[in-house]
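Enquirer: Just one file: protein-v4.cif, with mmCIF, C-alpha atoms.
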```cif
data_input
#
loop_
_atom_site.label_atom_id
_atom_site.label_comp_id
_atom_site.auth_asym_id
_atom_site.auth_seq_id
_atom_site.Cartn_x
_atom_site.Cartn_y
_atom_site.Cartn_z
CA MET A 1 29.96 -22.71 76.67
CA GLU A 2 31.92 -25.29 74.73
CA THR A 3 30.39 -26.55 71.47
CA THR A 4 31.00 -30.13 70.41
CA LEU A 5 31.13 -30.86 66.63
CA ASN A 6 29.97 -34.32 65.55
CA ILE A 7 32.36 -35.30 62.77
CA PRO A 8 31.39 -38.47 60.91
CA ASP A 9 33.68 -41.35 61.53
CA ALA A 10 35.63 -41.88 58.31
CA SER A 11 37.67 -44.71 59.71
CA GLY A 12 35.56 -47.26 57.82
CA LEU A 13 36.11 -45.62 54.39
CA THR A 14 38.55 -47.30 52.08
CA PHE A 15 39.82 -46.27 48.67
CA GLU A 16 37.57 -48.84 47.02
CA LYS A 17 34.48 -47.57 48.84
CA VAL A 18 35.23 -43.97 47.95
CA TRP A 19 35.88 -44.97 44.33
CA LEU A 20 32.58 -46.86 44.21
CA MET A 21 30.74 -43.86 45.62
CA MET A 22 32.30 -41.64 42.97
CA LEU A 23 31.29 -44.07 40.23
CA LYS A 24 27.70 -44.10 41.47
CA THR A 25 27.66 -40.31 41.60
CA ASP A 26 29.02 -40.13 38.07
CA GLU A 27 26.33 -42.54 36.89
CA GLN A 28 23.68 -40.43 38.58
CA ILE A 29 25.01 -37.32 36.87
CA LYS A 30 24.97 -39.09 33.50
CA GLU A 31 21.42 -40.33 34.13
CA THR A 32 20.29 -36.85 35.08
CA ASP A 33 21.93 -35.46 31.93
CA ARG A 34 20.23 -38.12 29.83
CA GLN A 35 16.85 -37.32 31.34
CA MET A 36 17.40 -33.60 30.75
CA LYS A 37 18.29 -34.27 27.10
CA GLU A 38 15.20 -36.44 26.70
CA SER A 39 13.06 -33.73 28.29
CA SER A 40 14.61 -31.16 25.95
CA ILE A 41 13.86 -33.35 22.92
CA GLN A 42 10.29 -33.93 24.09
CA LEU A 43 9.82 -30.20 24.65
CA LYS A 44 11.13 -29.42 21.16
CA GLU A 45 8.83 -32.06 19.67
CA ALA A 46 5.86 -30.68 21.62
CA LEU A 47 6.63 -27.14 20.47
CA ALA A 48 7.01 -28.33 16.88
CA GLU A 49 3.67 -30.16 17.09
CA THR A 50 2.00 -27.07 18.57
CA GLU A 51 3.43 -24.92 15.78
CA ARG A 52 2.22 -27.44 13.17
CA GLN A 53 -1.27 -27.45 14.66
CA MET A 54 -1.33 -23.63 14.74
CA LYS A 55 -0.28 -23.49 11.08
CA GLU A 56 -3.01 -26.01 10.21
CA SER A 57 -5.56 -23.97 12.15
CA ILE A 58 -4.51 -20.78 10.34
CA LEU A 59 -4.71 -22.58 6.99
CA GLU A 60 -8.13 -24.02 7.85
CA THR A 61 -9.33 -20.55 8.90
CA LYS A 62 -8.14 -19.07 5.60
CA GLU A 63 -9.81 -21.88 3.67
CA LEU A 64 -13.02 -21.36 5.66
CA LYS A 65 -12.96 -17.63 4.94
CA GLN A 66 -12.41 -18.33 1.25
CA MET A 67 -15.23 -20.87 1.26
CA LEU A 68 -17.61 -18.46 3.01
CA PHE A 69 -16.60 -15.66 0.63
CA GLY A 70 -17.25 -17.96 -2.31
CA LEU A 71 -20.55 -19.02 -0.81
CA GLY A 72 -21.55 -15.39 -0.35
CA SER A 73 -20.55 -14.58 -3.92
CA ASN A 74 -22.53 -17.56 -5.21
CA LEU A 75 -25.61 -16.53 -3.22
CA GLY A 76 -25.32 -13.02 -4.61
CA GLN A 77 -25.06 -14.35 -8.16
CA ILE A 78 -27.98 -16.75 -7.67
CA THR A 79 -30.12 -13.93 -6.24
CA GLU A 80 -29.31 -11.62 -9.13
CA ASP A 81 -30.02 -14.40 -11.65
CA TYR A 82 -33.38 -15.05 -10.02
CA PHE A 83 -34.57 -11.44 -10.23
CA TYR A 84 -33.14 -10.89 -13.69
CA ASN A 85 -34.90 -13.95 -15.06
CA SER A 86 -38.13 -13.05 -13.24
CA VAL A 87 -38.16 -9.52 -14.65
CA ALA A 88 -37.03 -10.57 -18.11
CA THR A 89 -40.02 -12.90 -18.49
CA ASP A 90 -42.48 -10.15 -19.49
CA LYS A 91 -40.55 -6.96 -18.53
CA THR A 92 -43.54 -5.63 -16.62
CA ILE A 93 -43.32 -4.00 -13.18
CA ASN A 94 -46.33 -2.51 -11.40
CA GLY A 95 -48.35 -2.71 -14.60
CA ILE A 96 -45.78 -0.76 -16.63
CA LYS A 97 -44.34 -2.48 -19.68
CA TYR A 98 -40.68 -2.05 -20.55
CA ASP A 99 -39.07 -2.81 -23.89
CA TYR A 100 -35.48 -3.57 -22.98
CA ILE A 101 -33.61 -5.04 -20.05
CA GLY A 102 -29.93 -4.63 -19.25
CA ARG A 103 -27.66 -6.12 -16.63
CA ASN A 104 -24.61 -4.88 -14.74
CA LEU A 105 -24.68 -1.47 -16.39
CA LYS A 106 -21.42 0.21 -15.46
CA MET A 107 -19.89 3.61 -16.09
CA GLU A 108 -16.71 5.18 -14.77
CA GLY A 109 -15.92 8.88 -15.10
CA LYS A 110 -13.33 11.26 -13.74
CA ASN A 111 -15.24 12.03 -10.58
CA LEU A 112 -18.25 9.75 -10.77
CA ASN A 113 -18.72 6.03 -11.22
CA GLY A 114 -21.59 3.66 -10.77
CA GLU A 115 -22.74 0.12 -11.41
CA TYR A 116 -26.37 -0.93 -11.65
CA ASP A 117 -27.53 -4.52 -11.38
CA ILE A 118 -30.64 -4.50 -13.58
CA VAL A 119 -32.08 -1.72 -15.76
CA LEU A 120 -35.43 -1.75 -17.56
CA ILE A 121 -36.10 0.78 -20.33
CA ASN A 122 -39.05 1.87 -22.41
CA SER A 123 -39.56 4.97 -24.54
CA SER A 124 -39.83 7.41 -21.63
CA ARG A 125 -38.75 5.82 -18.37
CA LEU A 126 -36.18 3.59 -16.69
CA LEU A 127 -36.42 1.35 -13.69
CA VAL A 128 -33.09 0.70 -11.98
CA ILE A 129 -33.01 -2.35 -9.69
CA GLU A 130 -30.47 -2.94 -6.94
CA VAL A 131 -30.22 -6.62 -5.93
CA LYS A 132 -29.09 -7.98 -2.56
CA GLN A 133 -29.66 -11.39 -1.02
CA LYS A 134 -30.86 -9.62 2.15
CA PRO A 135 -30.86 -5.84 1.79
CA HIS A 136 -30.07 -3.72 4.83
CA ILE A 137 -30.87 -0.08 5.51
CA LYS A 138 -27.33 0.98 4.58
CA ASP A 139 -27.75 -0.72 1.17
CA VAL A 140 -31.01 1.15 0.56
CA GLU A 141 -29.48 4.42 1.72
CA LYS A 142 -26.49 4.11 -0.61
CA PHE A 143 -28.71 3.18 -3.54
CA ALA A 144 -31.31 5.93 -2.96
CA THR A 145 -29.02 8.79 -1.95
CA LYS A 146 -25.83 8.12 -3.91
CA GLN A 147 -26.29 5.78 -6.85
CA LEU A 148 -29.67 6.77 -8.26
CA PRO A 149 -29.13 10.57 -8.10
CA ILE A 150 -26.07 10.34 -10.38
CA PHE A 151 -27.56 7.91 -12.91
CA LYS A 152 -28.40 10.61 -15.49
CA LYS A 153 -24.99 12.23 -15.03
CA LEU A 154 -23.30 8.94 -15.83
CA PHE A 155 -25.69 8.22 -18.72
CA PRO A 156 -26.63 11.61 -20.19
CA MET A 157 -28.39 9.90 -23.13
CA TYR A 158 -31.23 9.25 -20.65
CA SER A 159 -31.40 12.79 -19.30
CA ASN A 160 -34.97 13.21 -20.62
CA PHE A 161 -36.18 9.92 -19.18
CA LYS A 162 -37.98 9.45 -15.90
CA VAL A 163 -35.81 7.30 -13.63
CA TYR A 164 -37.23 5.18 -10.82
CA GLY A 165 -35.61 2.74 -8.43
CA ALA A 166 -36.34 -0.66 -6.95
CA ILE A 167 -34.61 -2.69 -4.27
CA ALA A 168 -34.79 -6.48 -4.67
CA GLY A 169 -33.99 -9.15 -2.12
CA MET A 170 -34.94 -12.65 -1.05
CA THR A 171 -35.66 -11.50 2.49
CA PHE A 172 -36.29 -8.14 4.16
CA ASP A 173 -36.69 -6.98 7.72
CA LYS A 174 -39.46 -4.51 8.51
CA ASN A 175 -37.13 -1.55 9.13
CA THR A 176 -35.53 -1.96 5.73
CA ILE A 177 -38.95 -2.19 4.04
CA ASP A 178 -40.13 0.98 5.79
CA TYR A 179 -36.94 2.83 4.85
CA ALA A 180 -37.21 1.78 1.21
CA LEU A 181 -40.83 2.96 1.08
CA GLU A 182 -39.86 6.30 2.63
CA ASN A 183 -37.30 6.76 -0.15
CA GLY A 184 -39.86 6.03 -2.88
CA LEU A 185 -38.45 2.68 -4.01
CA TYR A 186 -40.28 -0.33 -5.35
CA ILE A 187 -39.62 -3.44 -3.27
CA LEU A 188 -39.27 -6.78 -5.03
CA THR A 189 -38.95 -10.12 -3.28
CA GLN A 190 -39.76 -13.80 -3.65
CA ASN A 191 -43.13 -15.16 -2.58
CA GLN A 192 -42.34 -17.94 -0.11
CA ASP A 193 -45.34 -20.00 -1.21
CA THR A 194 -45.26 -19.73 -4.99
CA ARG A 195 -41.53 -18.93 -5.32
CA ASN A 196 -42.53 -16.27 -7.86
CA MET A 197 -41.38 -12.67 -7.69
CA GLN A 198 -43.76 -10.26 -5.99
CA MET A 199 -43.87 -6.54 -5.23
CA LEU A 200 -44.46 -5.45 -1.63
CA ASN A 201 -45.71 -1.94 -2.44
CA ASN A 202 -49.44 -1.36 -2.11
CA GLU A 203 -51.70 0.44 -4.61
CA LEU A 204 -51.33 3.75 -2.74
CA PHE A 205 -47.56 3.83 -3.11
CA GLU A 206 -46.06 6.70 -5.12
CA ALA A 207 -42.62 6.01 -6.55
CA LYS A 208 -40.00 8.73 -6.40
CA GLU A 209 -38.54 10.06 -9.62
CA PHE A 210 -34.76 10.45 -9.54
#
```
Please, can you express the file's structure as structure tokens?
Expert:
Amino acid sequence: METTLNIPDASGLTFEKVWLMMLKTDEQIKETDRQMKESSIQLKEALAETERQMKESILETKELKQMLFGLGSNLGQITEDYFYNSVATDKTINGIKYDYIGRNLKMEGKNLNGEYDIVLINSSRLLVIEVKQKPHIKDVEKFATKQLPIFKKLFPMYSNFKVYGAIAGMTFDKNTIDYALENGLYILTQNQDTRNMQMLNNELFEAKEF
């Protein structure tokens, strides 16, 4: 079967028409190139803006972390100041009078080291107080099983003294209170009504000697 090819009639094309078509095509190519360059510039600007925003976000996150860390440190300092000042008023805990009060007692040895927030001393006994804004069970555990047992080793001048412990905090959850009682610790907190320091242990409580 014979196939007929339809070839466009080019009889109407002149040099001028062809030249005009070429000029239009060249202009279209230039316009396309211009648009591509503009798109490239816009993309670069968008990427640069995104990078700037990411850097600002990272900086803001760092500043927020620093602010929260500072806030936490300030709360810790305020809490410690509150309990130190409360205890220092008459130096009496659970009816027992102490003669001296110390703060941030620290000792570093070859194999042992410890730091104690508040220490009350009389002629025969010491009360060591660990202060946290809100104590957790892990804080009580570390204090009762690691810090208090080595106190006399770090401070052998008190080897003949009876050493007791107390955990102090603005707020406690019930599990932490129960755990502290099980470990023979006094529990000191702030009375929400009077804002004065109070002890949560009842009259039947027996403190553990460390």
Enquirer: Applied to this file, what does the PyMOL selection byres ((chain A and resi 138-148) around 12) return in terms of residues, put as a ChimeraX atom specification?
Expert: /A:106-107,112-117,119,126-137,149-155,162-169,172,175-187,207-210
Enquirer: Give the answer as one residue: which of A:Ala88, A:Ala48, A:Leu105, A:Ile93 has the shortest atom-to-atom distance to Gln198 (chain A), using only C-alpha atoms?
Expert: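 Going through A:Ala88, A:Ala48, A:Leu105, A:Ile93 one by one, the smallest distance to Gln198 (chain A) is for A:Ile93.
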Enquirer: Using the chain letters and numbers from the file, which residues does the PyMOL selection byres ((chain A and resi 100-102) around 9) grab, as a PDB file with C-alpha atoms, in the frame of the given file?
Expert:
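What landed in part-v8.pdb:
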```
ATOM      1  CA  TYR A  84     -33.140 -10.890 -13.690  1.00  0.00           C
ATOM      2  CA  VAL A  87     -38.160  -9.520 -14.650  1.00  0.00           C
ATOM      3  CA  ALA A  88     -37.030 -10.570 -18.110  1.00  0.00           C
ATOM      4  CA  LYS A  91     -40.550  -6.960 -18.530  1.00  0.00           C
ATOM      5  CA  TYR A  98     -40.680  -2.050 -20.550  1.00  0.00           C
ATOM      6  CA  ASP A  99     -39.070  -2.810 -23.890  1.00  0.00           C
ATOM      7  CA  ARG A 103     -27.660  -6.120 -16.630  1.00  0.00           C
ATOM      8  CA  ASN A 104     -24.610  -4.880 -14.740  1.00  0.00           C
ATOM      9  CA  LEU A 105     -24.680  -1.470 -16.390  1.00  0.00           C
ATOM     10  CA  ASP A 117     -27.530  -4.520 -11.380  1.00  0.00           C
ATOM     11  CA  ILE A 118     -30.640  -4.500 -13.580  1.00  0.00           C
ATOM     12  CA  VAL A 119     -32.080  -1.720 -15.760  1.00  0.00           C
ATOM     13  CA  LEU A 120     -35.430  -1.750 -17.560  1.00  0.00           C
ATOM     14  CA  ILE A 121     -36.100   0.780 -20.330  1.00  0.00           C
ATOM     15  CA  ASN A 122     -39.050   1.870 -22.410  1.00  0.00           C
TER      16      ASN A 122
END
```
Enquirer: What does the distance between CA of Phe161 (chain A) and CA of Arg125 (chain A) come to in Å, to one decimal place?
Expert: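 Computing the Euclidean distance for CA of Phe161 (chain A) and CA of Arg125 (chain A) yields 4.9 Å.
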Enquirer: When you draw a straight line from CA of Asn94 (chain A) to CA of Gly76 (chain A), how long is it in Å?
Expert: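 Result for CA of Asn94 (chain A) versus CA of Gly76 (chain A): 24.5 Å, one decimal.
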Enquirer: Give me, please, the distance in Å between CA of Asn191 (chain A) and CA of Thr171 (chain A), quoted to one decimal.
Expert: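 About the pair CA of Asn191 (chain A) and CA of Thr171 (chain A): they are 9.7 Å apart.
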Enquirer: Of the residues A:Leu188, A:Thr92, A:Tyr158, A:Asn111, which is the one nearest to Ser124 (chain A), using all atoms listed in the file?
Expert: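 Once distances to Ser124 (chain A) are computed over all atoms listed in the file, the minimum belongs to A:Tyr158.
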